[in-house]
Amino acid sequence: MPAAPGGPRLLLRRLREAMAEPVSPQARLDRIVTLIAANVIAEVCSVYVLSDDNILELFATEGLNREAVHLTRLRADEGLVGLIAKTAEPLSLSDAQSHPAFSYRPETGEEAYHAFLGVPLLRAGNTLGVLVVQNKTYRVYSEEEIEALQTTAMVLSEMIASGELQALAPGAGSAARRAVSQRGVALADGIGLGHVVLHEPRIVIKQLIAENVDREVERLEQAIGEVRSAIDDLVTRGDSIGTGESREVLETVRMFAHDKGWLRRMREAVHSGLTAEAAVERVQSDNRARMMRQSDPYLRDRLHDLDDLANRLLRTLIGAEGNGAQRVLPENAILVARSMGPAALLDYDRTALRGVVLEEGGPTSHIAIVARALGIPAVGEIANATALCDAGDAIIVDGATGEIQVRPGPEIEAAYAEMVRLRARRQEQYRALRDVPAVTLDGTKIGLQLNAGLLIDLSHLHETGADGIGLFRTELQFMVAQRMPSAAEQQTLYEAVFAATGDLPVTIRTLDIGGDKILPYMPALEEENPALGWRAIRIGLDRPALLRVQLRALLKAAGGRPLKIMFPMVATVDEFTRAKAIVEREKAHLRRHGHALPSDCKLGVMVEVPSLLFQIDEISKAADFLSVGSNDLMQFLFAVDRENRRVADRFDTLSVPALRAFRVIAERAAAAGCPATVCGEIGGRPLEAMALIGLGFRHLSMSPAAIGPVKAMVLGLDAKAVAALIDTELARAGDGASLRPALAAFAKAHGVPI
């Protein structure tokens with residue numbers, strides 16, 4: 001049986017009139033189902049709304065028993081309606097009763113109906129309900145009828161999300177506003193309670209139904225052209241979208257911008273009577289629904305590409321650009337984003353920031369490192385995070401377990417508030433240890449230092465009682481600047497660092513850029529594998545002017561006081577020798593011009609490239625000190641990209657090969673009389689720090705929040721006992737297994753707090 005003349009466009013016009021009528025929500029909903037039934041020429045049209053307890057409740061019907069409204073309730077996995085809610089896809093059947101998922105509900109009086117068409121009510125990929133039409137005859141619904149229902153479903157979804165149906169039943173619309181609990185990956189410890197701030201604010205579609213369809217078609221085509229042109233320019237210039245993407249990724253994005261299926265669906269949605277923005281959002285919501293239910297990582301990534309393109313298209317249509325990083329944050333802000341680089345995080349006012357939630361990003365990503373350095377609780381790998389919540393929603397971030405709670409109930413909120421109070425009391429206990437020397441039970445002194453990168457980090461020196469700065473990351477100054485910092489600006493920063501640290505030692509790492517740390521004012525380099533590419537000391541040696549300016553600023557800023565400079569990503573002794581020669585030339589230049597030099601200048605190397613393990617004796621003699629960058633060392637040692645969530649957890653830092661590598665460094669450096677520090681993330685985790693002490697390391701550098709827990713561990717540890725345990729376990733463990741269980745059992749048996 002054909003659809004009524006006019007199809008979706010006529011239906012939307014009538015819906016717009018119905019939406020404007022000054023009637024109650026129930027009367028409006030009843031009017032809408034009547035209009036849909038007439039348009040599709042169906043004997044039945046019904047709307048089911050999903051509640052927060054995963055129950056689909058009948059809210060309106062034309063053709064079924066009206067007394068069943070608000071009485072008929074289905075589980076979200078029950079019947080054909082439940083199947084649609086679960087899959088988030090339309091379902092068209094010529095004989096519904098023969099389908100295995102068919103469920104008969106006698107109170108509705110639907111037993112005589114055969115043909116069935118249902119579509120999900122979607123918003124941002126989340127299912128809010130189901131819209132159904134039925135016919136007594138055996139019939140096949142046309143593509144136009146399916147399109148009409150999907151278009152209408154978008155209007156109904158906005159009704160639900162707006163809360164307009166709240167008065168009709170206690171759970172009305174609560175699927176859009178229900179409490180959500182998800183577990184991802186813990187990035188930075190701590191608990192944050194606050195309200196959602198979207199890093200890329202969601203585009204709000206104020207008008208769904210088009211007044212002039214031809215004009216909306218023109219607007220859509222113009223916006224598509226502008227987005228294509230912008231992406232073509234990026235490919236031509238070799239720039240990146242976001243940070244670190246290669247030309248291959250740009251070419252993939254350009255391919256999707258010309259994807260005929262994606263474009264056709266948006267054009268069809270506009271022709272059905274939606275505005276250009278509403279059409280893009282409808283197709284985007286369908287894609288998100290598929291993405292959320294897709295297990296194949298490759299297909300999920302491709303759907304992410306389409307999601308990004310849809311956001312670009314929406315911003316083009318409404319004339320919006322950029323993100324919200326420059327605006328003033330409300331108090332107790334929890335930042336929610338799909339992904340974010342460390343520079344973007346640093347753009348925000350940290351005094352108001354209480355947490356970060358990301359769809360992407362692993363524990364060893366640079367955004368995680370910066371979040372830990374700033375003491376901001378962070379959780380990553382939360383699927384569809386940006387669609388789970390709206391700006392202003394209450395949210396809790398648990399950086400210890402990797403959980404988030406969106407729109408939590410009062411009981412959950414109270415439980416987390418109590419956890420915050422308990423953590424505060426524990427922090428008080430750690431603060432009580434501030435002036436207590438970090439000495440083990442058997443008299444071994446352990447130096448505990450801080451990792452830092454900004455002046456604000458240095459205030460933690462006094463708070464924690466740390467022994468100094470074991471790693472000062474100079475690249476953060478470059479990453480947050482809009483242009484290359486001048487020599488004078490760099491010198492001013494370093495002078496402020498030295499003034500803030502006083503007599504405490506500071507180890508300054510030279511510029512470590514490249515890989516995923518891209519400066520916004522420098523052209524991105526196309527590399528197949530940036531982590532193994534042109535970065536850190538390699539850039540400094542190939543572009544010595546950049547390194548010389550930084551070294552000169554450091555030497556001048558440290559005039560009259562000790563200075564420790566550390567070079568990152570050194571792969572051979574020769575690279576260190578060449579860097580050392582540049583330092584000597586700069587010292588000679590300053591001496592000739594009458595500048596005061598540091599009272600003592602020590603030059604060190606970050607051990608993070610495995611090749612140095614096979615030159616450890618030579619580098620220990622050539623350098624004044626070593627510092628182990630455990631994050632990169634483990635990444636290269638196990639051939640695991642720490643940014644790739646598919647493989648990032650495939651190795652354990654307490655496994656036999658990892659611990660043997662650390663032991664080689666500790667033993668050979670000690671034999672050469674060369675101090676060795678661990679400044680990677682593992683030094684800040686009590687169990688791992690305990691293992692490092694057992695291997696022979698006596699200096700650890702970590703985030704400010706880790707000083708207290710690690711010092712408490714040190715004070716309860718017998719260093720000789722744990723060293724004996726590790727020696728025994730490494731001698732007999734030949735399969736590369738992890739020593740984590742044995743170390744945890746040792747800590748428990750000896751009362752070592754970990």
# chains A, B, ... in the order shown; residues from 1 in each chain; ligands from 1
call {"tool": "select_by_dssp", "arguments": {"residues": "segment 447-554 of chain A", "states": "strand (DSSP E)", "output": "number ranges by chain"}}
result
A: 447-452, 469-473, 506-509
call {"tool": "residues_around", "arguments": {"residues": "segment 572-574 of chain A", "least_positions_apart": "4", "cutoff": "8 Å", "atoms": "only C-alpha atoms", "output": "ChimeraX atom specification"}}
result
/A:578,611-612,615,618-619,622
call {"tool": "residues_around", "arguments": {"residues": "Met340 of chain A", "least_positions_apart": "4", "cutoff": "8 Å", "atoms": "only C-alpha atoms", "output": "PDB file with N, CA, C and O atoms, in the first residue's frame"}}
result
ATOM      1  N   ALA A 344      46.471  21.672  24.679  1.00  0.00           N
ATOM      2  CA  ALA A 344      45.072  22.085  24.814  1.00  0.00           C
ATOM      3  C   ALA A 344      44.640  22.072  26.277  1.00  0.00           C
ATOM      4  O   ALA A 344      43.932  22.969  26.736  1.00  0.00           O
ATOM      5  N   LEU A 345      45.086  21.070  27.022  1.00  0.00           N
ATOM      6  CA  LEU A 345      44.743  21.010  28.443  1.00  0.00           C
ATOM      7  C   LEU A 345      45.338  22.194  29.200  1.00  0.00           C
ATOM      8  O   LEU A 345      44.703  22.777  30.073  1.00  0.00           O
ATOM      9  N   LEU A 358      38.185  11.444  28.756  1.00  0.00           N
ATOM     10  CA  LEU A 358      38.519  11.347  27.339  1.00  0.00           C
ATOM     11  C   LEU A 358      37.969  10.053  26.741  1.00  0.00           C
ATOM     12  O   LEU A 358      37.911   9.031  27.420  1.00  0.00           O
ATOM     13  N   ILE A 367      49.049  13.414  27.427  1.00  0.00           N
ATOM     14  CA  ILE A 367      47.958  14.111  28.114  1.00  0.00           C
ATOM     15  C   ILE A 367      47.809  13.549  29.524  1.00  0.00           C
ATOM     16  O   ILE A 367      47.548  14.288  30.483  1.00  0.00           O
TER      17      ILE A 367
END
call {"tool": "atom_distance", "arguments": {"atom1": "atom CA of Lys556 of chain A", "atom2": "atom CA of Glu495 of chain A"}}
result
8.7 Å
call {"tool": "residues_around", "arguments": {"residues": "Val609 of chain A", "least_positions_apart": "6", "cutoff": "10 Å", "atoms": "only C-alpha atoms", "output": "list in words"}}
result
Leu532, Pro568, Met569, Val570, Ala571, Thr572, Val628, Gly629, Ser630, Asp632, Leu633, Met634, Gln635, Phe636 and Leu637 of chain A
call {"tool": "residues_around", "arguments": {"residues": "segment 673-676 of chain A", "least_positions_apart": "4", "cutoff": "10 Å", "atoms": "only C-alpha atoms", "output": "list in words"}}
result
Gly604, Val605, Met606, Val607, Asp617, Ile619, Ser620, Lys621, Ala622, Ala623, Asp624, Phe625, Leu626, Ser627, Val628, Ile665, Ala666, Glu667, Arg668, Ala669, Gly696, Phe697, Arg698, His699 and Leu700 of chain A
call {"tool": "atom_distance", "arguments": {"atom1": "atom CA of Glu89 of chain A", "atom2": "atom CA of Phe116 of chain A"}}
result
13.8 Å
call {"tool": "residues_around", "arguments": {"residues": "Gly380 of chain A", "least_positions_apart": "2", "cutoff": "8 Å", "atoms": "only C-alpha atoms", "output": "list of chain:residue names"}}
result
A:Gly184, A:Val185, A:Ala186, A:Leu187, A:Val357, A:Leu358, A:Glu359, A:Glu360, A:Gly361, A:Gly362, A:Pro363, A:Ala378, A:Ile382, A:Gly402
call {"tool": "residues_around", "arguments": {"residues": "segment 131-142 of chain A", "least_positions_apart": "3", "cutoff": "6 Å", "atoms": "only C-alpha atoms", "output": "PDB file with N, CA, C and O atoms, in the first residue's frame"}}
result
ATOM      1  N   ALA A  42      -1.264   3.689   8.037  1.00  0.00           N
ATOM      2  CA  ALA A  42      -1.117   2.553   8.933  1.00  0.00           C
ATOM      3  C   ALA A  42      -2.263   2.543   9.923  1.00  0.00           C
ATOM      4  O   ALA A  42      -2.752   3.598  10.335  1.00  0.00           O
ATOM      5  N   GLU A  43      -2.727   1.352  10.308  1.00  0.00           N
ATOM      6  CA  GLU A  43      -3.795   1.270  11.305  1.00  0.00           C
ATOM      7  C   GLU A  43      -3.285   1.586  12.713  1.00  0.00           C
ATOM      8  O   GLU A  43      -4.062   1.984  13.573  1.00  0.00           O
ATOM      9  N   VAL A  44      -1.979   1.422  12.931  1.00  0.00           N
ATOM     10  CA  VAL A  44      -1.417   1.629  14.268  1.00  0.00           C
ATOM     11  C   VAL A  44      -0.160   2.487  14.181  1.00  0.00           C
ATOM     12  O   VAL A  44       0.663   2.309  13.276  1.00  0.00           O
ATOM     13  N   CYS A  45      -0.032   3.410  15.118  1.00  0.00           N
ATOM     14  CA  CYS A  45       1.222   4.135  15.321  1.00  0.00           C
ATOM     15  C   CYS A  45       1.415   4.270  16.831  1.00  0.00           C
ATOM     16  O   CYS A  45       0.501   4.724  17.534  1.00  0.00           O
ATOM     17  N   SER A  46       2.569   3.889  17.337  1.00  0.00           N
ATOM     18  CA  SER A  46       2.812   3.920  18.778  1.00  0.00           C
ATOM     19  C   SER A  46       4.195   4.492  19.075  1.00  0.00           C
ATOM     20  O   SER A  46       5.141   4.307  18.297  1.00  0.00           O
ATOM     21  N   VAL A  47       4.291   5.158  20.227  1.00  0.00           N
ATOM     22  CA  VAL A  47       5.566   5.699  20.699  1.00  0.00           C
ATOM     23  C   VAL A  47       5.885   5.063  22.045  1.00  0.00           C
ATOM     24  O   VAL A  47       5.067   5.113  22.980  1.00  0.00           O
ATOM     25  N   SER A  94       7.114  -7.775   6.984  1.00  0.00           N
ATOM     26  CA  SER A  94       5.794  -7.933   6.362  1.00  0.00           C
ATOM     27  C   SER A  94       4.886  -8.816   7.213  1.00  0.00           C
ATOM     28  O   SER A  94       3.667  -8.736   7.139  1.00  0.00           O
ATOM     29  N   ASP A  95       5.510  -9.682   8.045  1.00  0.00           N
ATOM     30  CA  ASP A  95       4.736 -10.536   8.954  1.00  0.00           C
ATOM     31  C   ASP A  95       5.453 -10.578  10.303  1.00  0.00           C
ATOM     32  O   ASP A  95       6.297 -11.440  10.551  1.00  0.00           O
ATOM     33  N   TYR A 113      -2.502  -7.669  13.877  1.00  0.00           N
ATOM     34  CA  TYR A 113      -1.611  -6.907  12.998  1.00  0.00           C
ATOM     35  C   TYR A 113      -0.432  -7.753  12.547  1.00  0.00           C
ATOM     36  O   TYR A 113       0.124  -8.537  13.312  1.00  0.00           O
ATOM     37  N   HIS A 114      -0.060  -7.583  11.273  1.00  0.00           N
ATOM     38  CA  HIS A 114       1.030  -8.362  10.688  1.00  0.00           C
ATOM     39  C   HIS A 114       2.213  -7.485  10.283  1.00  0.00           C
ATOM     40  O   HIS A 114       3.330  -7.709  10.740  1.00  0.00           O
ATOM     41  N   ALA A 115       1.989  -6.513   9.363  1.00  0.00           N
ATOM     42  CA  ALA A 115       3.096  -5.667   8.902  1.00  0.00           C
ATOM     43  C   ALA A 115       3.567  -4.770  10.049  1.00  0.00           C
ATOM     44  O   ALA A 115       2.756  -4.230  10.811  1.00  0.00           O
ATOM     45  N   PHE A 116       4.882  -4.611  10.151  1.00  0.00           N
ATOM     46  CA  PHE A 116       5.462  -3.872  11.282  1.00  0.00           C
ATOM     47  C   PHE A 116       6.661  -3.061  10.787  1.00  0.00           C
ATOM     48  O   PHE A 116       7.516  -3.564  10.055  1.00  0.00           O
ATOM     49  N   LEU A 117       6.723  -1.805  11.195  1.00  0.00           N
ATOM     50  CA  LEU A 117       7.877  -0.957  10.917  1.00  0.00           C
ATOM     51  C   LEU A 117       8.206  -0.166  12.178  1.00  0.00           C
ATOM     52  O   LEU A 117       7.343   0.532  12.718  1.00  0.00           O
ATOM     53  N   GLY A 118       9.425  -0.299  12.659  1.00  0.00           N
ATOM     54  CA  GLY A 118       9.849   0.437  13.845  1.00  0.00           C
ATOM     55  C   GLY A 118      11.195   1.097  13.631  1.00  0.00           C
ATOM     56  O   GLY A 118      12.067   0.552  12.944  1.00  0.00           O
ATOM     57  N   VAL A 119      11.371   2.288  14.192  1.00  0.00           N
ATOM     58  CA  VAL A 119      12.658   2.993  14.109  1.00  0.00           C
ATOM     59  C   VAL A 119      13.034   3.472  15.508  1.00  0.00           C
ATOM     60  O   VAL A 119      12.168   3.793  16.332  1.00  0.00           O
ATOM     61  N   GLU A 145       8.638   5.584   3.305  1.00  0.00           N
ATOM     62  CA  GLU A 145       7.952   5.473   4.592  1.00  0.00           C
ATOM     63  C   GLU A 145       8.955   5.307   5.742  1.00  0.00           C
ATOM     64  O   GLU A 145       8.797   5.886   6.817  1.00  0.00           O
TER      65      GLU A 145
END
call {"tool": "select_by_dssp", "arguments": {"residues": "segment 125-162 of chain A", "states": "helix (DSSP H, G or I)", "output": "list in words"}}
result
Glu143, Glu144, Glu145, Ile146, Glu147, Ala148, Leu149, Gln150, Thr151, Thr152, Ala153, Met154, Val155, Leu156, Ser157, Glu158, Met159, Ile160 and Ala161 of chain A
call {"tool": "write_last_selection", "arguments": {"atoms": "N, CA, C and O atoms", "output": "PDB file, in the first residue's frame"}}
result
ATOM      1  N   GLU A 143      10.881   2.645   1.095  1.00  0.00           N
ATOM      2  CA  GLU A 143      12.007   3.439   1.605  1.00  0.00           C
ATOM      3  C   GLU A 143      11.538   4.820   2.042  1.00  0.00           C
ATOM      4  O   GLU A 143      12.038   5.376   3.019  1.00  0.00           O
ATOM      5  N   GLU A 144      10.568   5.374   1.315  1.00  0.00           N
ATOM      6  CA  GLU A 144      10.057   6.697   1.661  1.00  0.00           C
ATOM      7  C   GLU A 144       9.359   6.670   3.022  1.00  0.00           C
ATOM      8  O   GLU A 144       9.496   7.602   3.823  1.00  0.00           O
ATOM      9  N   GLU A 145       8.638   5.584   3.305  1.00  0.00           N
ATOM     10  CA  GLU A 145       7.952   5.473   4.592  1.00  0.00           C
ATOM     11  C   GLU A 145       8.955   5.307   5.742  1.00  0.00           C
ATOM     12  O   GLU A 145       8.797   5.886   6.817  1.00  0.00           O
ATOM     13  N   ILE A 146       9.997   4.526   5.492  1.00  0.00           N
ATOM     14  CA  ILE A 146      11.038   4.380   6.514  1.00  0.00           C
ATOM     15  C   ILE A 146      11.712   5.726   6.768  1.00  0.00           C
ATOM     16  O   ILE A 146      11.955   6.111   7.914  1.00  0.00           O
ATOM     17  N   GLU A 147      11.989   6.467   5.679  1.00  0.00           N
ATOM     18  CA  GLU A 147      12.605   7.792   5.809  1.00  0.00           C
ATOM     19  C   GLU A 147      11.697   8.737   6.587  1.00  0.00           C
ATOM     20  O   GLU A 147      12.159   9.511   7.436  1.00  0.00           O
ATOM     21  N   ALA A 148      10.389   8.650   6.312  1.00  0.00           N
ATOM     22  CA  ALA A 148       9.443   9.519   7.021  1.00  0.00           C
ATOM     23  C   ALA A 148       9.470   9.243   8.521  1.00  0.00           C
ATOM     24  O   ALA A 148       9.469  10.172   9.342  1.00  0.00           O
ATOM     25  N   LEU A 149       9.511   7.971   8.890  1.00  0.00           N
ATOM     26  CA  LEU A 149       9.534   7.633  10.314  1.00  0.00           C
ATOM     27  C   LEU A 149      10.844   8.047  10.977  1.00  0.00           C
ATOM     28  O   LEU A 149      10.853   8.548  12.107  1.00  0.00           O
ATOM     29  N   GLN A 150      11.967   7.865  10.281  1.00  0.00           N
ATOM     30  CA  GLN A 150      13.249   8.249  10.869  1.00  0.00           C
ATOM     31  C   GLN A 150      13.335   9.755  11.073  1.00  0.00           C
ATOM     32  O   GLN A 150      13.876  10.232  12.076  1.00  0.00           O
ATOM     33  N   THR A 151      12.804  10.491  10.123  1.00  0.00           N
ATOM     34  CA  THR A 151      12.811  11.945  10.247  1.00  0.00           C
ATOM     35  C   THR A 151      11.930  12.390  11.403  1.00  0.00           C
ATOM     36  O   THR A 151      12.302  13.248  12.216  1.00  0.00           O
ATOM     37  N   THR A 152      10.754  11.792  11.499  1.00  0.00           N
ATOM     38  CA  THR A 152       9.845  12.120  12.591  1.00  0.00           C
ATOM     39  C   THR A 152      10.436  11.725  13.934  1.00  0.00           C
ATOM     40  O   THR A 152      10.251  12.411  14.950  1.00  0.00           O
ATOM     41  N   ALA A 153      11.174  10.617  13.942  1.00  0.00           N
ATOM     42  CA  ALA A 153      11.792  10.145  15.184  1.00  0.00           C
ATOM     43  C   ALA A 153      12.738  11.178  15.764  1.00  0.00           C
ATOM     44  O   ALA A 153      12.872  11.299  16.991  1.00  0.00           O
ATOM     45  N   MET A 154      13.382  11.947  14.907  1.00  0.00           N
ATOM     46  CA  MET A 154      14.297  12.969  15.406  1.00  0.00           C
ATOM     47  C   MET A 154      13.541  14.051  16.172  1.00  0.00           C
ATOM     48  O   MET A 154      13.990  14.539  17.213  1.00  0.00           O
ATOM     49  N   VAL A 155      12.374  14.428  15.646  1.00  0.00           N
ATOM     50  CA  VAL A 155      11.548  15.430  16.330  1.00  0.00           C
ATOM     51  C   VAL A 155      11.090  14.899  17.687  1.00  0.00           C
ATOM     52  O   VAL A 155      11.137  15.603  18.707  1.00  0.00           O
ATOM     53  N   LEU A 156      10.667  13.643  17.711  1.00  0.00           N
ATOM     54  CA  LEU A 156      10.230  13.035  18.975  1.00  0.00           C
ATOM     55  C   LEU A 156      11.391  12.932  19.971  1.00  0.00           C
ATOM     56  O   LEU A 156      11.199  13.126  21.178  1.00  0.00           O
ATOM     57  N   SER A 157      12.584  12.641  19.466  1.00  0.00           N
ATOM     58  CA  SER A 157      13.748  12.546  20.350  1.00  0.00           C
ATOM     59  C   SER A 157      14.021  13.869  21.046  1.00  0.00           C
ATOM     60  O   SER A 157      14.366  13.904  22.235  1.00  0.00           O
ATOM     61  N   GLU A 158      13.867  14.946  20.310  1.00  0.00           N
ATOM     62  CA  GLU A 158      14.087  16.258  20.931  1.00  0.00           C
ATOM     63  C   GLU A 158      13.017  16.562  21.966  1.00  0.00           C
ATOM     64  O   GLU A 158      13.291  17.197  22.989  1.00  0.00           O
ATOM     65  N   MET A 159      11.787  16.112  21.722  1.00  0.00           N
ATOM     66  CA  MET A 159      10.730  16.272  22.724  1.00  0.00           C
ATOM     67  C   MET A 159      11.105  15.554  24.020  1.00  0.00           C
ATOM     68  O   MET A 159      10.945  16.084  25.125  1.00  0.00           O
ATOM     69  N   ILE A 160      11.622  14.336  23.858  1.00  0.00           N
ATOM     70  CA  ILE A 160      11.992  13.538  25.031  1.00  0.00           C
ATOM     71  C   ILE A 160      13.167  14.176  25.759  1.00  0.00           C
ATOM     72  O   ILE A 160      13.148  14.348  26.983  1.00  0.00           O
ATOM     73  N   ALA A 161      14.198  14.553  24.989  1.00  0.00           N
ATOM     74  CA  ALA A 161      15.403  15.100  25.603  1.00  0.00           C
ATOM     75  C   ALA A 161      15.136  16.434  26.293  1.00  0.00           C
ATOM     76  O   ALA A 161      15.803  16.777  27.272  1.00  0.00           O
TER      77      ALA A 161
END
call {"tool": "closest_atom_pairs", "arguments": {"of": "segment 687-729 of chain A", "to": "segment 439-463 of chain A", "cutoff": "10 Å", "atoms": "only C-alpha atoms", "output": "CSV"}}
result
residue,atom,partner,partner_atom,distance
A:Ile693,CA,A:Ile446,CA,8.1
A:Phe697,CA,A:Ile446,CA,8.3
A:Arg698,CA,A:Ile446,CA,4.9
A:His699,CA,A:Gly447,CA,4.5
A:Leu700,CA,A:Leu448,CA,5.2
A:Ser701,CA,A:Gln449,CA,4.4
A:Met702,CA,A:Leu450,CA,4.9
A:Ser703,CA,A:Asn451,CA,5.4
A:Pro704,CA,A:Leu450,CA,6.0
A:Ala705,CA,A:His460,CA,8.9
A:Ala706,CA,A:Leu450,CA,9.0
A:Ile707,CA,A:Leu448,CA,6.9
A:Gly708,CA,A:Leu448,CA,9.8
A:Val710,CA,A:Leu448,CA,8.4
A:Lys711,CA,A:Leu448,CA,7.8
A:Ala712,CA,A:Thr440,CA,9.7
A:Met713,CA,A:Thr440,CA,8.6
A:Val714,CA,A:Thr440,CA,5.2
A:Leu715,CA,A:Thr440,CA,4.9
A:Gly716,CA,A:Leu441,CA,6.2
A:Leu717,CA,A:Thr440,CA,5.3
A:Asp718,CA,A:Leu441,CA,5.1
A:Ala719,CA,A:Thr440,CA,6.5
A:Lys720,CA,A:Asp442,CA,7.4
A:Ala721,CA,A:Asp442,CA,9.2
call {"tool": "write_last_selection", "arguments": {"atoms": "N, CA and C atoms", "output": "compact mmCIF listing (two decimals), in the first residue's frame"}}
result
# COMPACT_ATOMS: atom_id res chain seq x y z
N ILE A 693 63.90 0.35 43.90
CA ILE A 693 64.82 0.43 45.03
C ILE A 693 65.53 -0.91 45.21
N PHE A 697 68.30 1.47 42.47
CA PHE A 697 68.11 2.92 42.25
C PHE A 697 67.90 3.61 43.60
N ARG A 698 68.55 4.76 43.76
CA ARG A 698 68.44 5.52 45.01
C ARG A 698 67.87 6.91 44.80
N HIS A 699 67.47 7.21 43.56
CA HIS A 699 66.87 8.51 43.26
C HIS A 699 65.68 8.28 42.32
N LEU A 700 64.52 8.81 42.69
CA LEU A 700 63.30 8.68 41.90
C LEU A 700 62.68 10.05 41.73
N SER A 701 62.12 10.31 40.55
CA SER A 701 61.44 11.58 40.30
C SER A 701 60.03 11.28 39.83
N MET A 702 59.06 12.06 40.30
CA MET A 702 57.65 11.69 40.10
C MET A 702 56.75 12.91 40.17
N SER A 703 55.45 12.69 39.97
CA SER A 703 54.48 13.77 40.08
C SER A 703 54.31 14.15 41.55
N PRO A 704 53.88 15.38 41.82
CA PRO A 704 53.74 15.82 43.22
C PRO A 704 52.84 14.92 44.05
N ALA A 705 51.74 14.44 43.46
CA ALA A 705 50.79 13.62 44.22
C ALA A 705 51.38 12.29 44.63
N ALA A 706 52.46 11.85 43.98
CA ALA A 706 53.03 10.54 44.27
C ALA A 706 54.05 10.59 45.40
N ILE A 707 54.54 11.77 45.78
CA ILE A 707 55.60 11.87 46.79
C ILE A 707 55.16 11.24 48.11
N GLY A 708 53.97 11.59 48.59
CA GLY A 708 53.49 11.08 49.87
C GLY A 708 53.37 9.56 49.91
N VAL A 710 54.74 7.30 47.96
CA VAL A 710 56.04 6.63 47.77
C VAL A 710 56.89 6.77 49.03
N LYS A 711 56.85 7.95 49.68
CA LYS A 711 57.64 8.11 50.91
C LYS A 711 57.12 7.18 52.00
N ALA A 712 55.80 7.05 52.11
CA ALA A 712 55.24 6.13 53.10
C ALA A 712 55.71 4.71 52.84
N MET A 713 55.81 4.33 51.57
CA MET A 713 56.32 2.99 51.22
C MET A 713 57.77 2.85 51.63
N VAL A 714 58.58 3.87 51.33
CA VAL A 714 60.02 3.82 51.65
C VAL A 714 60.23 3.64 53.15
N LEU A 715 59.46 4.37 53.95
CA LEU A 715 59.64 4.33 55.40
C LEU A 715 59.30 2.96 55.99
N GLY A 716 58.51 2.17 55.29
CA GLY A 716 58.14 0.84 55.78
C GLY A 716 58.89 -0.29 55.11
N LEU A 717 59.92 0.03 54.29
CA LEU A 717 60.59 -0.97 53.45
C LEU A 717 61.96 -1.35 53.98
N ASP A 718 62.27 -2.62 53.89
CA ASP A 718 63.63 -3.11 54.08
C ASP A 718 64.22 -3.31 52.69
N ALA A 719 65.13 -2.41 52.29
CA ALA A 719 65.65 -2.42 50.92
C ALA A 719 66.41 -3.70 50.62
N LYS A 720 67.18 -4.20 51.58
CA LYS A 720 67.96 -5.42 51.34
C LYS A 720 67.04 -6.62 51.14
N ALA A 721 65.94 -6.68 51.89
CA ALA A 721 65.02 -7.81 51.78
C ALA A 721 64.36 -7.84 50.41
call {"tool": "closest_residue", "arguments": {"among": "A:Leu654, A:Ala368, A:Ala579, A:Leu695", "to": "Pro741 of chain A", "atoms": "only C-alpha atoms"}}
result
A:Leu654
call {"tool": "closest_residue", "arguments": {"among": "A:Leu91, A:Ala545, A:Leu11, A:Val130", "to": "Val49 of chain A", "atoms": "only C-alpha atoms"}}
result
A:Val130
call {"tool": "closest_residue", "arguments": {"among": "A:Pro709, A:Pro25, A:Pro377, A:Gly736", "to": "Ser655 of chain A", "atoms": "only C-alpha atoms"}}
result
A:Gly736
call {"tool": "atom_distance", "arguments": {"atom1": "atom CA of Ser98 of chain A", "atom2": "atom CA of Leu74 of chain A"}}
result
19.2 Å
